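Visitor: Questions regarding the structure given below will be posed in turn.
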Amino acid sequence: MSMSENVRRQMVEGSWIRRMFEEGNALRALHGADKVFDLSLGNPIVEPPAEFNAELLKLAEHPIPGMHRYMANAGYESTRAAVAAELERETGVSIAFRDVVMTCGASGAMNVALKTLLNPGEEVIVFEPFFVEFLGYVDNHGGKPRIVRTDREFLPDLEKFEQAIGPQTKAVILNSPNNPTGVVYPERVIHALGEILARKEAELGHQIYIISDEPYRRILFDGLTPVSVFHHYHNSIVITSHSKDLALPGERIGYLALNPESDEHDELMAGFIHCNRVLGFVNAPALMQRLVTGLQHITVSVPEYERKRDLLYGELVGMGYDVVRPQGAFYMFPKSPVEEDVEFVRELLSLLVLVVPGRGFGRPGHFRISYCVDNRTLEGSLEGFRKAAARYGLKR
């Protein structure tokens with residue numbers, strides 16, 4: 001066999017979203033696209049804000065000489081400075097362009113951070129349920145994921161977290177607002193995580209880094225505001241993208257920001273810039289860097305997502321589903337009416353509703369719904385959920 005066993009295993013374990021996508025294509029071909037209600041992909045249906053189109057038109061009509069050439073691997077200084085200024089405004093932490101590297105999305109930033117930090121065999125703590133590709137990213141750079149279970153509300157179990165930290169622990173990945181649950185970690189939890197890590201650093205005699213994955217940071221509901229990990233732990237890295245807040249997932253533009261108070265700051269920044277190059281990214285897309293420079297304060301319509309959240313949550317709870325109410329992002333992670341989540345997902349599939357089984361995110365017995373879809377798809381799915389609830393005897 002030509003394919004490595006490691007890649008073959010990863011494809012089997014991490015392909016649930018892709019499988020549902022392919023199932024959806026088959027169903028659309030059979031029944032027609034208007035009869036199939038696909039809630040499986042986190043691919044925003046909303047268009048970028050008008051300000052993005054205005055910036056794009058301005059640059060197209062008045063191109064800057066050399067604007068498609070290489071730049072420094074860390075990105076344009078003007079873009080990095082704009083990112084730093086907005087982060088400083090949001091967090092109150094003094095951040096400069098020298099703390100920022102522009103990247104090919106959050107996934108590019110995550111790989112840059114892990115490549116820079118990890119020695120072979122070192123461990124990265126990941127809370128489940130998790131975005132499944134985190135495990136692949138850790139494996140890419142010789143690391144070993146150490147999975148720590150969350151509680152009933154999908155918040156980190158602090159006791160289990162502390163027990164999981166050992167001599168080989170190098171990093172912890174946080175994801176809030178969370179994919180797949182939509183849960184937002186409150187400040188008390190992030191503060192407690194930081195306190196535990198500071199204590200463990202002193203005990204073990206080496207640095208442990210928080211890598212905070214924040215592509216949904218601005219999609220918050222119920223009047224919540226972002227909590228900055230920079231306030232609660234010194235060895236911290238924020239990574240994000242504009243895939244969700246500007247609805248630009250296909251443009252692959254994001255950044256990595258290192259806490260200015262982190263240990264070995266300058267050495268790490270040099271490592272991030274080096275790894276941005278040698279991983280093959282070279283630099284973040286030049287055109288997108290120029291476009292997002294002036295859009296750091298702009299976000300898609302969050303109330304639109306909140307209305308979708310309210311509609312879906314209210315309907316599902318009314319049907320008898322057990323759901324933790326999301327506070328951000330555009331995902332919901334209800335409990336499956338039966339322990340075998342794949343069985344229930346297949347039942348929904350027979351009703352032309354596509355969701356993803358929880359085992360695809362490390363938490364069997366649940367299923368993920370993505371509601372970043374048009375209203376017709378969201379409202380059309382409700383009848384399928386209602387029929388499935390009746391078949392499994394859920395109480396209204």
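Order determines the names: the first chain of the structure tokens is A, the second B, and so forth; residues in each chain are numbered 1 upward, and ligands are numbered 1 upward as they are shown.
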Skip range 91-98 of chain A itself and residues of its chain fewer than 5 positions away, then list as a list in words all residues within 10 Å of it, counting only C-alpha atoms.
Guide: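 Here the answer would be Ala74, Gly75, Tyr76, Glu77, Ser78, Thr79, Arg80, Ala81, Ala82, Val83, Ala84, Ala85, Glu86, Pro226, Val227, Ser228, Val229, Phe230, His231, Ala257, Leu258, Asn259, Pro260, Glu261, His265, Asp266 and Met269 of chain A.
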Visitor: Print the selection's residues with N, CA and C atoms to a file, as a PDB file, in the first residue's frame.
Guide:
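Below is the file that was written, part02.pdb:
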ATOM      1  N   ALA A  74       6.172  37.260   7.950  1.00  0.00           N
ATOM      2  CA  ALA A  74       5.207  37.548   9.017  1.00  0.00           C
ATOM      3  C   ALA A  74       4.007  38.338   8.514  1.00  0.00           C
ATOM      4  N   GLY A  75       4.107  38.889   7.294  1.00  0.00           N
ATOM      5  CA  GLY A  75       3.010  39.678   6.749  1.00  0.00           C
ATOM      6  C   GLY A  75       3.342  41.156   6.702  1.00  0.00           C
ATOM      7  N   TYR A  76       2.434  41.930   6.092  1.00  0.00           N
ATOM      8  CA  TYR A  76       2.621  43.374   6.013  1.00  0.00           C
ATOM      9  C   TYR A  76       2.617  43.979   7.410  1.00  0.00           C
ATOM     10  N   GLU A  77       3.563  44.852   7.659  1.00  0.00           N
ATOM     11  CA  GLU A  77       3.622  45.493   8.962  1.00  0.00           C
ATOM     12  C   GLU A  77       2.355  46.295   9.245  1.00  0.00           C
ATOM     13  N   SER A  78       1.782  46.917   8.219  1.00  0.00           N
ATOM     14  CA  SER A  78       0.563  47.712   8.407  1.00  0.00           C
ATOM     15  C   SER A  78      -0.613  46.835   8.823  1.00  0.00           C
ATOM     16  N   THR A  79      -0.696  45.640   8.247  1.00  0.00           N
ATOM     17  CA  THR A  79      -1.781  44.730   8.617  1.00  0.00           C
ATOM     18  C   THR A  79      -1.582  44.214  10.034  1.00  0.00           C
ATOM     19  N   ARG A  80      -0.363  43.841  10.348  1.00  0.00           N
ATOM     20  CA  ARG A  80      -0.066  43.348  11.703  1.00  0.00           C
ATOM     21  C   ARG A  80      -0.345  44.442  12.735  1.00  0.00           C
ATOM     22  N   ALA A  81      -0.022  45.681  12.406  1.00  0.00           N
ATOM     23  CA  ALA A  81      -0.278  46.790  13.329  1.00  0.00           C
ATOM     24  C   ALA A  81      -1.779  47.008  13.519  1.00  0.00           C
ATOM     25  N   ALA A  82      -2.559  46.850  12.451  1.00  0.00           N
ATOM     26  CA  ALA A  82      -4.015  47.009  12.555  1.00  0.00           C
ATOM     27  C   ALA A  82      -4.612  45.913  13.423  1.00  0.00           C
ATOM     28  N   VAL A  83      -4.134  44.688  13.235  1.00  0.00           N
ATOM     29  CA  VAL A  83      -4.590  43.567  14.067  1.00  0.00           C
ATOM     30  C   VAL A  83      -4.240  43.830  15.530  1.00  0.00           C
ATOM     31  N   ALA A  84      -3.007  44.243  15.778  1.00  0.00           N
ATOM     32  CA  ALA A  84      -2.557  44.502  17.146  1.00  0.00           C
ATOM     33  C   ALA A  84      -3.392  45.596  17.803  1.00  0.00           C
ATOM     34  N   ALA A  85      -3.691  46.658  17.047  1.00  0.00           N
ATOM     35  CA  ALA A  85      -4.474  47.763  17.604  1.00  0.00           C
ATOM     36  C   ALA A  85      -5.877  47.313  17.992  1.00  0.00           C
ATOM     37  N   GLU A  86      -6.491  46.470  17.161  1.00  0.00           N
ATOM     38  CA  GLU A  86      -7.836  45.984  17.474  1.00  0.00           C
ATOM     39  C   GLU A  86      -7.807  45.027  18.656  1.00  0.00           C
ATOM     40  N   PRO A 226     -16.020  39.031  24.612  1.00  0.00           N
ATOM     41  CA  PRO A 226     -14.898  38.079  24.608  1.00  0.00           C
ATOM     42  C   PRO A 226     -14.075  38.145  25.887  1.00  0.00           C
ATOM     43  N   VAL A 227     -13.589  36.977  26.309  1.00  0.00           N
ATOM     44  CA  VAL A 227     -12.670  36.882  27.437  1.00  0.00           C
ATOM     45  C   VAL A 227     -11.282  36.614  26.864  1.00  0.00           C
ATOM     46  N   SER A 228     -10.321  37.444  27.211  1.00  0.00           N
ATOM     47  CA  SER A 228      -8.975  37.288  26.672  1.00  0.00           C
ATOM     48  C   SER A 228      -8.125  36.404  27.571  1.00  0.00           C
ATOM     49  N   VAL A 229      -7.575  35.345  26.994  1.00  0.00           N
ATOM     50  CA  VAL A 229      -6.665  34.473  27.739  1.00  0.00           C
ATOM     51  C   VAL A 229      -5.412  35.228  28.158  1.00  0.00           C
ATOM     52  N   PHE A 230      -5.077  36.307  27.437  1.00  0.00           N
ATOM     53  CA  PHE A 230      -3.889  37.088  27.783  1.00  0.00           C
ATOM     54  C   PHE A 230      -3.951  37.641  29.208  1.00  0.00           C
ATOM     55  N   HIS A 231      -5.158  37.893  29.712  1.00  0.00           N
ATOM     56  CA  HIS A 231      -5.297  38.428  31.068  1.00  0.00           C
ATOM     57  C   HIS A 231      -5.067  37.369  32.138  1.00  0.00           C
ATOM     58  N   ALA A 257      -1.245  35.580  17.416  1.00  0.00           N
ATOM     59  CA  ALA A 257      -0.745  36.654  18.290  1.00  0.00           C
ATOM     60  C   ALA A 257      -0.186  36.036  19.560  1.00  0.00           C
ATOM     61  N   LEU A 258       1.009  36.407  19.906  1.00  0.00           N
ATOM     62  CA  LEU A 258       1.684  35.890  21.095  1.00  0.00           C
ATOM     63  C   LEU A 258       1.562  36.904  22.225  1.00  0.00           C
ATOM     64  N   ASN A 259       1.235  36.411  23.414  1.00  0.00           N
ATOM     65  CA  ASN A 259       1.163  37.280  24.583  1.00  0.00           C
ATOM     66  C   ASN A 259       2.490  38.022  24.747  1.00  0.00           C
ATOM     67  N   PRO A 260       2.464  39.353  24.801  1.00  0.00           N
ATOM     68  CA  PRO A 260       3.728  40.094  24.923  1.00  0.00           C
ATOM     69  C   PRO A 260       4.483  39.795  26.214  1.00  0.00           C
ATOM     70  N   GLU A 261       3.795  39.206  27.212  1.00  0.00           N
ATOM     71  CA  GLU A 261       4.443  38.866  28.474  1.00  0.00           C
ATOM     72  C   GLU A 261       4.947  37.426  28.512  1.00  0.00           C
ATOM     73  N   HIS A 265       9.709  35.328  24.405  1.00  0.00           N
ATOM     74  CA  HIS A 265       8.851  35.946  23.383  1.00  0.00           C
ATOM     75  C   HIS A 265       9.556  36.080  22.042  1.00  0.00           C
ATOM     76  N   ASP A 266      10.730  36.699  22.040  1.00  0.00           N
ATOM     77  CA  ASP A 266      11.392  36.998  20.776  1.00  0.00           C
ATOM     78  C   ASP A 266      11.815  35.723  20.045  1.00  0.00           C
ATOM     79  N   MET A 269       8.639  34.170  18.509  1.00  0.00           N
ATOM     80  CA  MET A 269       8.173  34.894  17.324  1.00  0.00           C
ATOM     81  C   MET A 269       9.045  34.568  16.120  1.00  0.00           C
TER      82      MET A 269
END
Visitor: For each of A:Tyr233, A:Tyr371, A:Phe21, A:Phe333, take the minimum atom-to-atom distance to Asn179 in chain A, counting only C-alpha atoms, then give the residue where this is smallest.
Guide: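 Counting only C-alpha atoms, the residue closest to Asn179 in chain A is A:Phe333.
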Visitor: When distances are computed from only C-alpha atoms, which of A:Gln289, A:Gln207, A:Asn140, A:Thr299 shows the smallest separation from Lys170 in chain A?
Guide: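 Going through A:Gln289, A:Gln207, A:Asn140, A:Thr299 one by one, the smallest distance to Lys170 in chain A is for A:Gln207.
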Visitor: What is the CA of Val184 in chain A-CA of Asp310 in chain A distance in Å, reported with one decimal?
Guide: 16.1 Å
Visitor: If I take CA of Tyr185 in chain A and CA of Ala389 in chain A, how far is one from the other in Å, to one decimal?
Guide: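 Atom-to-atom, CA of Tyr185 in chain A to CA of Ala389 in chain A, that is 29.7 Å.
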Visitor: Under the rule of at most 7 Å, produce a per-residue listing of range 242-310 of chain A near range 100-103 of chain A: chain, number, name, the closest pair of atoms, and the distance in Å, as a tab-separated table, using only C-alpha atoms.
Guide:
residue	atom	partner	partner_atom	distance
A:Ile253	CA	A:Thr103	CA	6.1
A:Gly254	CA	A:Thr103	CA	5.1
A:Tyr255	CA	A:Met102	CA	4.2
A:Leu256	CA	A:Val101	CA	5.2
A:Ala257	CA	A:Val100	CA	4.5
A:Leu258	CA	A:Val100	CA	6.6
A:Ile273	CA	A:Val101	CA	6.9
A:Asn283	CA	A:Thr103	CA	6.5
A:Ala284	CA	A:Thr103	CA	4.7
Visitor: With distances taken over only C-alpha atoms, which residue among A:Ala106, A:Asp263, A:Asp139, A:Leu378 lies nearest Arg9 in chain A?
Guide: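 Using only C-alpha atoms, Arg9 in chain A sits closest to A:Asp139.
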Visitor: Mind listing the alpha helix (DSSP H) residues of range 166-220 of chain A, per DSSP on the backbone, as a ChimeraX atom specification?
Guide: /A:187-204
Visitor: Take the residues that were just selected and, keeping N, CA and C atoms, output them as an mmCIF file, in the first residue's frame.
Guide:
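Written file, result_20.cif:
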data_model
loop_
_atom_site.group_PDB
_atom_site.id
_atom_site.type_symbol
_atom_site.label_atom_id
_atom_site.label_comp_id
_atom_site.auth_asym_id
_atom_site.auth_seq_id
_atom_site.Cartn_x
_atom_site.Cartn_y
_atom_site.Cartn_z
ATOM 1 N N GLU A 187 -15.157 33.492 32.209
ATOM 2 C CA GLU A 187 -13.861 34.008 32.659
ATOM 3 C C GLU A 187 -13.320 33.226 33.850
ATOM 4 N N ARG A 188 -14.203 32.786 34.754
ATOM 5 C CA ARG A 188 -13.746 32.050 35.938
ATOM 6 C C ARG A 188 -13.046 30.749 35.538
ATOM 7 N N VAL A 189 -13.525 30.110 34.469
ATOM 8 C CA VAL A 189 -12.910 28.860 34.019
ATOM 9 C C VAL A 189 -11.546 29.122 33.401
ATOM 10 N N ILE A 190 -11.463 30.127 32.544
ATOM 11 C CA ILE A 190 -10.178 30.451 31.916
ATOM 12 C C ILE A 190 -9.162 30.884 32.970
ATOM 13 N N HIS A 191 -9.625 31.645 33.955
ATOM 14 C CA HIS A 191 -8.726 32.058 35.036
ATOM 15 C C HIS A 191 -8.221 30.840 35.810
ATOM 16 N N ALA A 192 -9.121 29.906 36.100
ATOM 17 C CA ALA A 192 -8.730 28.700 36.841
ATOM 18 C C ALA A 192 -7.745 27.854 36.043
ATOM 19 N N LEU A 193 -7.964 27.745 34.745
ATOM 20 C CA LEU A 193 -7.024 27.003 33.900
ATOM 21 C C LEU A 193 -5.642 27.646 33.954
ATOM 22 N N GLY A 194 -5.613 28.986 33.891
ATOM 23 C CA GLY A 194 -4.341 29.692 33.956
ATOM 24 C C GLY A 194 -3.633 29.482 35.288
ATOM 25 N N GLU A 195 -4.377 29.503 36.375
ATOM 26 C CA GLU A 195 -3.781 29.284 37.691
ATOM 27 C C GLU A 195 -3.175 27.886 37.808
ATOM 28 N N ILE A 196 -3.909 26.894 37.297
ATOM 29 C CA ILE A 196 -3.406 25.518 37.345
ATOM 30 C C ILE A 196 -2.124 25.392 36.526
ATOM 31 N N LEU A 197 -2.118 25.980 35.336
ATOM 32 C CA LEU A 197 -0.934 25.879 34.484
ATOM 33 C C LEU A 197 0.265 26.600 35.093
ATOM 34 N N ALA A 198 0.037 27.757 35.692
ATOM 35 C CA ALA A 198 1.148 28.476 36.327
ATOM 36 C C ALA A 198 1.757 27.631 37.447
ATOM 37 N N ARG A 199 0.892 26.981 38.209
ATOM 38 C CA ARG A 199 1.370 26.120 39.289
ATOM 39 C C ARG A 199 2.142 24.924 38.745
ATOM 40 N N LYS A 200 1.628 24.336 37.666
ATOM 41 C CA LYS A 200 2.281 23.166 37.072
ATOM 42 C C LYS A 200 3.598 23.540 36.398
ATOM 43 N N GLU A 201 3.669 24.713 35.789
ATOM 44 C CA GLU A 201 4.946 25.167 35.214
ATOM 45 C C GLU A 201 6.032 25.214 36.282
ATOM 46 N N ALA A 202 5.685 25.787 37.436
ATOM 47 C CA ALA A 202 6.661 25.886 38.524
ATOM 48 C C ALA A 202 7.045 24.509 39.049
ATOM 49 N N GLU A 203 6.059 23.622 39.127
ATOM 50 C CA GLU A 203 6.307 22.278 39.650
ATOM 51 C C GLU A 203 7.151 21.448 38.697
ATOM 52 N N LEU A 204 6.876 21.550 37.385
ATOM 53 C CA LEU A 204 7.548 20.705 36.400
ATOM 54 C C LEU A 204 8.831 21.332 35.859
#
Visitor: Report as an MDAnalysis selection string all protein, DNA and RNA residues lying within 10 Å of range 355-363 of chain A, evaluated on only C-alpha atoms, omitting residues in the same chain fewer than 2 positions from it.
Guide: chainID A and resid 13:21 24 37:41 127:133 147 149:150 179:181 333:336 340:346 348:349 352:353 365:370
